file structure_17.cif (mmCIF, N, CA and C atoms)
data_data
#
loop_
_atom_site.label_atom_id
_atom_site.label_comp_id
_atom_site.auth_asym_id
_atom_site.auth_seq_id
_atom_site.Cartn_x
_atom_site.Cartn_y
_atom_site.Cartn_z
N MET U 17 142.99 134.02 -90.46
CA MET U 17 141.57 133.74 -90.58
C MET U 17 140.98 134.69 -91.64
N ALA U 18 140.04 134.19 -92.42
CA ALA U 18 139.44 134.97 -93.50
C ALA U 18 138.52 136.05 -92.92
N ASP U 19 138.35 137.11 -93.69
CA ASP U 19 137.47 138.19 -93.26
C ASP U 19 136.01 137.79 -93.43
N LYS U 20 135.17 138.45 -92.67
CA LYS U 20 133.73 138.21 -92.78
C LYS U 20 133.27 138.62 -94.18
N PRO U 21 132.35 137.85 -94.77
CA PRO U 21 131.86 138.21 -96.12
C PRO U 21 131.21 139.59 -96.13
N LYS U 22 131.37 140.28 -97.25
CA LYS U 22 130.74 141.60 -97.38
C LYS U 22 129.27 141.43 -97.70
N ARG U 23 128.47 142.40 -97.26
CA ARG U 23 127.02 142.35 -97.52
C ARG U 23 126.78 142.44 -99.03
N PRO U 24 125.72 141.79 -99.49
CA PRO U 24 125.45 141.79 -100.93
C PRO U 24 124.89 143.13 -101.40
N LEU U 25 125.05 143.40 -102.69
CA LEU U 25 124.50 144.63 -103.26
C LEU U 25 123.00 144.49 -103.45
N SER U 26 122.31 145.60 -103.34
CA SER U 26 120.85 145.61 -103.58
C SER U 26 120.60 145.49 -105.08
N ALA U 27 119.34 145.23 -105.44
CA ALA U 27 118.95 145.14 -106.85
C ALA U 27 119.31 146.44 -107.56
N TYR U 28 119.05 147.57 -106.91
CA TYR U 28 119.35 148.87 -107.52
C TYR U 28 120.85 149.02 -107.78
N MET U 29 121.68 148.64 -106.81
CA MET U 29 123.13 148.80 -106.98
C MET U 29 123.66 147.87 -108.07
N LEU U 30 123.14 146.65 -108.14
CA LEU U 30 123.55 145.74 -109.22
C LEU U 30 123.21 146.34 -110.58
N TRP U 31 121.99 146.89 -110.69
CA TRP U 31 121.56 147.50 -111.93
C TRP U 31 122.41 148.74 -112.25
N LEU U 32 122.64 149.58 -111.25
CA LEU U 32 123.40 150.81 -111.48
C LEU U 32 124.81 150.50 -111.95
N ASN U 33 125.44 149.48 -111.38
CA ASN U 33 126.78 149.11 -111.82
C ASN U 33 126.80 148.73 -113.29
N SER U 34 125.74 148.07 -113.75
CA SER U 34 125.70 147.68 -115.17
C SER U 34 125.29 148.85 -116.06
N ALA U 35 124.50 149.78 -115.55
CA ALA U 35 123.98 150.88 -116.36
C ALA U 35 124.86 152.13 -116.32
N ARG U 36 125.83 152.17 -115.41
CA ARG U 36 126.64 153.38 -115.22
C ARG U 36 127.32 153.83 -116.51
N ASP U 37 127.92 152.89 -117.26
CA ASP U 37 128.63 153.26 -118.49
C ASP U 37 127.68 153.87 -119.52
N SER U 38 126.49 153.29 -119.66
CA SER U 38 125.56 153.83 -120.66
C SER U 38 125.06 155.21 -120.22
N ILE U 39 124.87 155.42 -118.92
CA ILE U 39 124.45 156.74 -118.42
C ILE U 39 125.54 157.77 -118.73
N LYS U 40 126.81 157.37 -118.53
CA LYS U 40 127.91 158.29 -118.83
C LYS U 40 128.01 158.58 -120.32
N ARG U 41 127.77 157.55 -121.15
CA ARG U 41 127.83 157.75 -122.62
C ARG U 41 126.73 158.70 -123.08
N GLU U 42 125.53 158.55 -122.52
CA GLU U 42 124.41 159.40 -122.93
C GLU U 42 124.53 160.82 -122.39
N ASN U 43 125.31 161.00 -121.33
CA ASN U 43 125.48 162.32 -120.70
C ASN U 43 126.96 162.60 -120.51
N PRO U 44 127.68 162.94 -121.58
CA PRO U 44 129.13 163.16 -121.45
C PRO U 44 129.44 164.30 -120.47
N GLY U 45 130.48 164.11 -119.68
CA GLY U 45 130.90 165.13 -118.73
C GLY U 45 130.05 165.18 -117.48
N ILE U 46 129.18 164.21 -117.27
CA ILE U 46 128.29 164.21 -116.11
C ILE U 46 129.10 163.89 -114.83
N LYS U 47 128.76 164.53 -113.74
CA LYS U 47 129.44 164.31 -112.46
C LYS U 47 128.97 163.00 -111.84
N VAL U 48 129.79 162.45 -110.94
CA VAL U 48 129.48 161.19 -110.27
C VAL U 48 128.14 161.29 -109.53
N THR U 49 127.93 162.41 -108.85
CA THR U 49 126.68 162.57 -108.09
C THR U 49 125.48 162.63 -109.04
N GLU U 50 125.69 163.24 -110.20
CA GLU U 50 124.60 163.34 -111.18
C GLU U 50 124.31 161.99 -111.82
N VAL U 51 125.36 161.13 -111.96
CA VAL U 51 125.14 159.77 -112.48
C VAL U 51 124.21 159.03 -111.53
N ALA U 52 124.44 159.18 -110.22
CA ALA U 52 123.60 158.51 -109.23
C ALA U 52 122.17 159.05 -109.29
N LYS U 53 122.01 160.36 -109.42
CA LYS U 53 120.66 160.96 -109.51
C LYS U 53 119.93 160.46 -110.75
N LYS U 54 120.63 160.46 -111.88
CA LYS U 54 120.04 160.01 -113.15
C LYS U 54 119.68 158.52 -113.02
N GLY U 55 120.58 157.75 -112.41
CA GLY U 55 120.32 156.33 -112.19
C GLY U 55 119.08 156.12 -111.34
N GLY U 56 118.92 156.92 -110.31
CA GLY U 56 117.74 156.83 -109.45
C GLY U 56 116.46 157.11 -110.21
N GLU U 57 116.51 158.13 -111.07
CA GLU U 57 115.32 158.46 -111.88
C GLU U 57 114.98 157.31 -112.81
N LEU U 58 115.99 156.75 -113.49
CA LEU U 58 115.76 155.65 -114.42
C LEU U 58 115.24 154.42 -113.69
N TRP U 59 115.80 154.16 -112.51
CA TRP U 59 115.38 152.98 -111.72
C TRP U 59 113.92 153.11 -111.29
N ARG U 60 113.55 154.30 -110.81
CA ARG U 60 112.15 154.51 -110.38
C ARG U 60 111.19 154.37 -111.56
N ALA U 61 111.63 154.79 -112.75
CA ALA U 61 110.76 154.74 -113.93
C ALA U 61 110.69 153.32 -114.52
N MET U 62 111.63 152.46 -114.14
CA MET U 62 111.68 151.11 -114.70
C MET U 62 110.48 150.29 -114.23
N LYS U 63 109.83 149.62 -115.16
CA LYS U 63 108.64 148.83 -114.83
C LYS U 63 109.01 147.43 -114.34
N ASP U 64 109.89 146.75 -115.09
CA ASP U 64 110.21 145.36 -114.75
C ASP U 64 111.60 145.27 -114.12
N LYS U 65 111.62 145.12 -112.82
CA LYS U 65 112.89 145.02 -112.09
C LYS U 65 113.18 143.59 -111.68
N SER U 66 112.36 142.63 -112.15
CA SER U 66 112.46 141.25 -111.68
C SER U 66 113.83 140.64 -111.94
N GLU U 67 114.46 140.98 -113.07
CA GLU U 67 115.79 140.43 -113.38
C GLU U 67 116.79 140.82 -112.28
N TRP U 68 116.76 142.09 -111.90
CA TRP U 68 117.72 142.60 -110.92
C TRP U 68 117.36 142.14 -109.52
N GLU U 69 116.06 142.04 -109.23
CA GLU U 69 115.65 141.55 -107.91
C GLU U 69 116.03 140.08 -107.75
N ALA U 70 115.97 139.30 -108.83
CA ALA U 70 116.38 137.89 -108.77
C ALA U 70 117.88 137.79 -108.53
N LYS U 71 118.66 138.64 -109.21
CA LYS U 71 120.11 138.63 -109.00
C LYS U 71 120.44 139.03 -107.57
N ALA U 72 119.72 140.01 -107.03
CA ALA U 72 119.96 140.46 -105.65
C ALA U 72 119.59 139.35 -104.67
N ALA U 73 118.50 138.63 -104.94
CA ALA U 73 118.08 137.54 -104.06
C ALA U 73 119.13 136.43 -104.07
N LYS U 74 119.68 136.13 -105.25
CA LYS U 74 120.72 135.11 -105.35
C LYS U 74 121.96 135.57 -104.58
N ALA U 75 122.33 136.84 -104.74
CA ALA U 75 123.50 137.38 -104.03
C ALA U 75 123.28 137.30 -102.52
N LYS U 76 122.04 137.57 -102.06
CA LYS U 76 121.75 137.50 -100.63
C LYS U 76 121.84 136.06 -100.13
N ASP U 77 121.32 135.11 -100.92
CA ASP U 77 121.43 133.70 -100.54
C ASP U 77 122.89 133.27 -100.43
N ASP U 78 123.70 133.67 -101.43
CA ASP U 78 125.12 133.34 -101.41
C ASP U 78 125.79 133.96 -100.18
N TYR U 79 125.42 135.20 -99.88
CA TYR U 79 125.97 135.89 -98.71
C TYR U 79 125.58 135.16 -97.42
N ASP U 80 124.29 134.81 -97.28
CA ASP U 80 123.83 134.12 -96.07
C ASP U 80 124.59 132.81 -95.89
N ARG U 81 124.78 132.08 -97.00
CA ARG U 81 125.52 130.81 -96.95
C ARG U 81 126.97 131.06 -96.52
N ALA U 82 127.60 132.10 -97.09
CA ALA U 82 128.98 132.42 -96.76
C ALA U 82 129.12 132.84 -95.30
N VAL U 83 128.13 133.58 -94.77
CA VAL U 83 128.19 134.01 -93.36
C VAL U 83 128.07 132.79 -92.45
N LYS U 84 127.15 131.87 -92.77
CA LYS U 84 127.00 130.66 -91.96
C LYS U 84 128.29 129.85 -91.95
N GLU U 85 128.91 129.74 -93.12
CA GLU U 85 130.17 129.01 -93.24
C GLU U 85 131.26 129.72 -92.43
N PHE U 86 131.30 131.04 -92.53
CA PHE U 86 132.28 131.85 -91.80
C PHE U 86 132.13 131.64 -90.29
N GLU U 87 130.88 131.71 -89.82
CA GLU U 87 130.64 131.55 -88.38
C GLU U 87 130.89 130.12 -87.92
N ALA U 88 130.62 129.14 -88.80
CA ALA U 88 130.88 127.73 -88.46
C ALA U 88 132.37 127.47 -88.34
N ASN U 89 133.18 128.23 -89.06
CA ASN U 89 134.63 128.06 -89.03
C ASN U 89 135.29 128.91 -87.96
N GLY U 90 134.53 129.37 -86.99
CA GLY U 90 135.11 130.09 -85.86
C GLY U 90 135.01 131.60 -85.94
N GLY U 91 134.50 132.13 -87.02
CA GLY U 91 134.34 133.58 -87.10
C GLY U 91 133.11 133.98 -86.33
N SER U 92 133.18 135.13 -85.67
CA SER U 92 131.99 135.57 -84.94
C SER U 92 131.37 136.74 -85.67
N SER U 93 130.08 136.94 -85.47
CA SER U 93 129.40 138.04 -86.16
C SER U 93 129.89 139.39 -85.66
N ALA U 94 130.46 139.44 -84.47
CA ALA U 94 130.97 140.71 -83.94
C ALA U 94 132.38 141.00 -84.45
N ALA U 95 133.05 139.98 -84.96
CA ALA U 95 134.43 140.16 -85.43
C ALA U 95 134.44 140.88 -86.77
N ASN U 96 135.55 141.57 -87.03
CA ASN U 96 135.79 142.20 -88.33
C ASN U 96 134.68 143.12 -88.80
N GLY U 97 134.29 144.05 -87.96
CA GLY U 97 133.37 145.08 -88.42
C GLY U 97 131.96 144.95 -87.91
N GLY U 98 131.57 143.80 -87.38
CA GLY U 98 130.23 143.66 -86.87
C GLY U 98 130.00 144.54 -85.66
N GLY U 99 131.06 144.86 -84.93
CA GLY U 99 130.94 145.67 -83.72
C GLY U 99 131.35 147.11 -83.93
N LYS U 100 131.25 147.59 -85.15
CA LYS U 100 131.67 148.96 -85.44
C LYS U 100 130.79 149.99 -84.76
N LYS U 101 129.52 149.69 -84.60
CA LYS U 101 128.61 150.68 -84.02
C LYS U 101 128.91 150.83 -82.53
N ARG U 102 129.14 152.04 -82.13
CA ARG U 102 129.41 152.29 -80.72
C ARG U 102 128.13 152.70 -80.02
N ALA U 103 128.01 152.26 -78.78
CA ALA U 103 126.83 152.65 -78.01
C ALA U 103 126.90 154.15 -77.73
N LYS U 104 125.77 154.80 -77.78
CA LYS U 104 125.74 156.22 -77.48
C LYS U 104 125.95 156.39 -75.98
N PRO U 105 126.73 157.38 -75.58
CA PRO U 105 126.92 157.59 -74.14
C PRO U 105 125.60 158.00 -73.48
N ALA U 106 125.43 157.54 -72.27
CA ALA U 106 124.19 157.85 -71.54
C ALA U 106 124.10 159.35 -71.32
N LYS U 107 122.90 159.90 -71.46
CA LYS U 107 122.72 161.33 -71.23
C LYS U 107 122.80 161.60 -69.74
N LYS U 108 123.45 162.70 -69.42
CA LYS U 108 123.53 163.09 -68.01
C LYS U 108 122.20 163.72 -67.59
N ALA U 109 121.84 163.47 -66.36
CA ALA U 109 120.61 164.07 -65.84
C ALA U 109 120.78 165.58 -65.81
N SER U 110 119.77 166.28 -66.27
CA SER U 110 119.90 167.74 -66.30
C SER U 110 119.85 168.27 -64.88
N LYS U 111 120.77 169.18 -64.61
CA LYS U 111 120.82 169.76 -63.26
C LYS U 111 119.97 171.01 -63.24
N LYS U 112 119.19 171.14 -62.21
CA LYS U 112 118.41 172.37 -62.04
C LYS U 112 119.22 173.32 -61.17
N SER U 113 119.05 174.56 -61.47
CA SER U 113 119.75 175.53 -60.62
C SER U 113 119.04 175.59 -59.27
N LYS U 114 119.74 176.07 -58.26
CA LYS U 114 119.15 176.15 -56.92
C LYS U 114 117.93 177.08 -56.92
N LYS U 115 117.99 178.09 -57.77
CA LYS U 115 116.86 179.03 -57.83
C LYS U 115 115.60 178.30 -58.30
N ASP U 116 115.73 177.46 -59.35
CA ASP U 116 114.58 176.70 -59.86
C ASP U 116 114.00 175.81 -58.77
N GLU U 117 114.88 175.15 -58.01
CA GLU U 117 114.40 174.25 -56.96
C GLU U 117 113.62 175.01 -55.89
N SER U 118 114.10 176.19 -55.51
CA SER U 118 113.42 176.94 -54.47
C SER U 118 112.07 177.46 -54.98
N ASP U 119 111.98 177.80 -56.27
CA ASP U 119 110.71 178.22 -56.83
C ASP U 119 109.69 177.10 -56.77
N GLU U 120 110.13 175.87 -57.08
CA GLU U 120 109.22 174.73 -57.05
C GLU U 120 108.73 174.47 -55.63
N ASP U 121 109.62 174.66 -54.65
CA ASP U 121 109.23 174.42 -53.25
C ASP U 121 108.15 175.43 -52.85
N ASP U 122 108.26 176.66 -53.28
CA ASP U 122 107.27 177.67 -52.96
C ASP U 122 105.91 177.30 -53.54
N ASP U 123 105.92 176.76 -54.77
CA ASP U 123 104.67 176.37 -55.42
C ASP U 123 103.96 175.29 -54.62
N ASP U 124 104.72 174.35 -54.09
CA ASP U 124 104.13 173.22 -53.34
C ASP U 124 103.45 173.72 -52.08
N GLU U 125 104.04 174.72 -51.42
CA GLU U 125 103.50 175.18 -50.15
C GLU U 125 102.19 175.94 -50.36
N SER U 126 102.01 176.61 -51.47
CA SER U 126 100.81 177.43 -51.66
C SER U 126 99.57 176.60 -51.99
N GLU U 127 99.74 175.33 -52.32
CA GLU U 127 98.58 174.52 -52.68
C GLU U 127 97.83 173.96 -51.52
#

call {"tool": "encode", "arguments": {"input": "structure_17.cif", "output": "structure tokens"}}
result
Amino acid sequence: MADKPKRPLSAYMLWLNSARDSIKRENPGIKVTEVAKKGGELWRAMKDKSEWEAKAAKAKDDYDRAVKEFEANGGSSAANGGGKKRAKPAKKASKKSKKDESDEDDDDESE
């Protein structure tokens, strides 16, 4: 059975993938983390993001269609990674020491 489709990239990630080489060319020897920081600065400064937002919207539509097809062919949304998140264990009730309990009992009697 085929794997569940991967989630689509955001407009920013689509843009960054295309701009990464030019960022590296303009800043030789730049670290990977610094490429991401520089990309973030350039993205925030960009005025017209409509091209990338349209590509992201198309990618999301394609993804939604692929997920529906996947689920129609017997794949479940919990299969292949959908159930990766584990429930947090329930917190245990905090135990009071016997001394604390006896102090509270004394308070009740004095009222």

call {"tool": "residues_around", "arguments": {"input": "structure_17.cif", "residues": "region 27-34 of chain U", "least_positions_apart": "4", "cutoff": "8 Å", "atoms": "only N, CA and C atoms", "output": "ChimeraX atom specification"}}
result
/U:38-39,55-56,59,65,67-73

call {"tool": "atom_distance", "arguments": {"input": "structure_17.cif", "atom1": "atom N of Pro44 (chain U)", "atom2": "CA of Lys63 (chain U)"}}
result
24.6 Å

call {"tool": "atom_distance", "arguments": {"input": "structure_17.cif", "atom1": "CA of Gly90 (chain U)", "atom2": "CA of Arg23 (chain U)"}}
result
18.8 Å

call {"tool": "select_by_dssp", "arguments": {"input": "structure_17.cif", "residues": "region 20-108 of chain U", "states": "helix (DSSP H, G or I)", "output": "PyMOL selection string"}}
result
chain U and resi 27-42+48-61+66-88

call {"tool": "atom_distance", "arguments": {"input": "structure_17.cif", "atom1": "atom N of Lys84 (chain U)", "atom2": "CA of Pro21 (chain U)"}}
result
8.6 Å
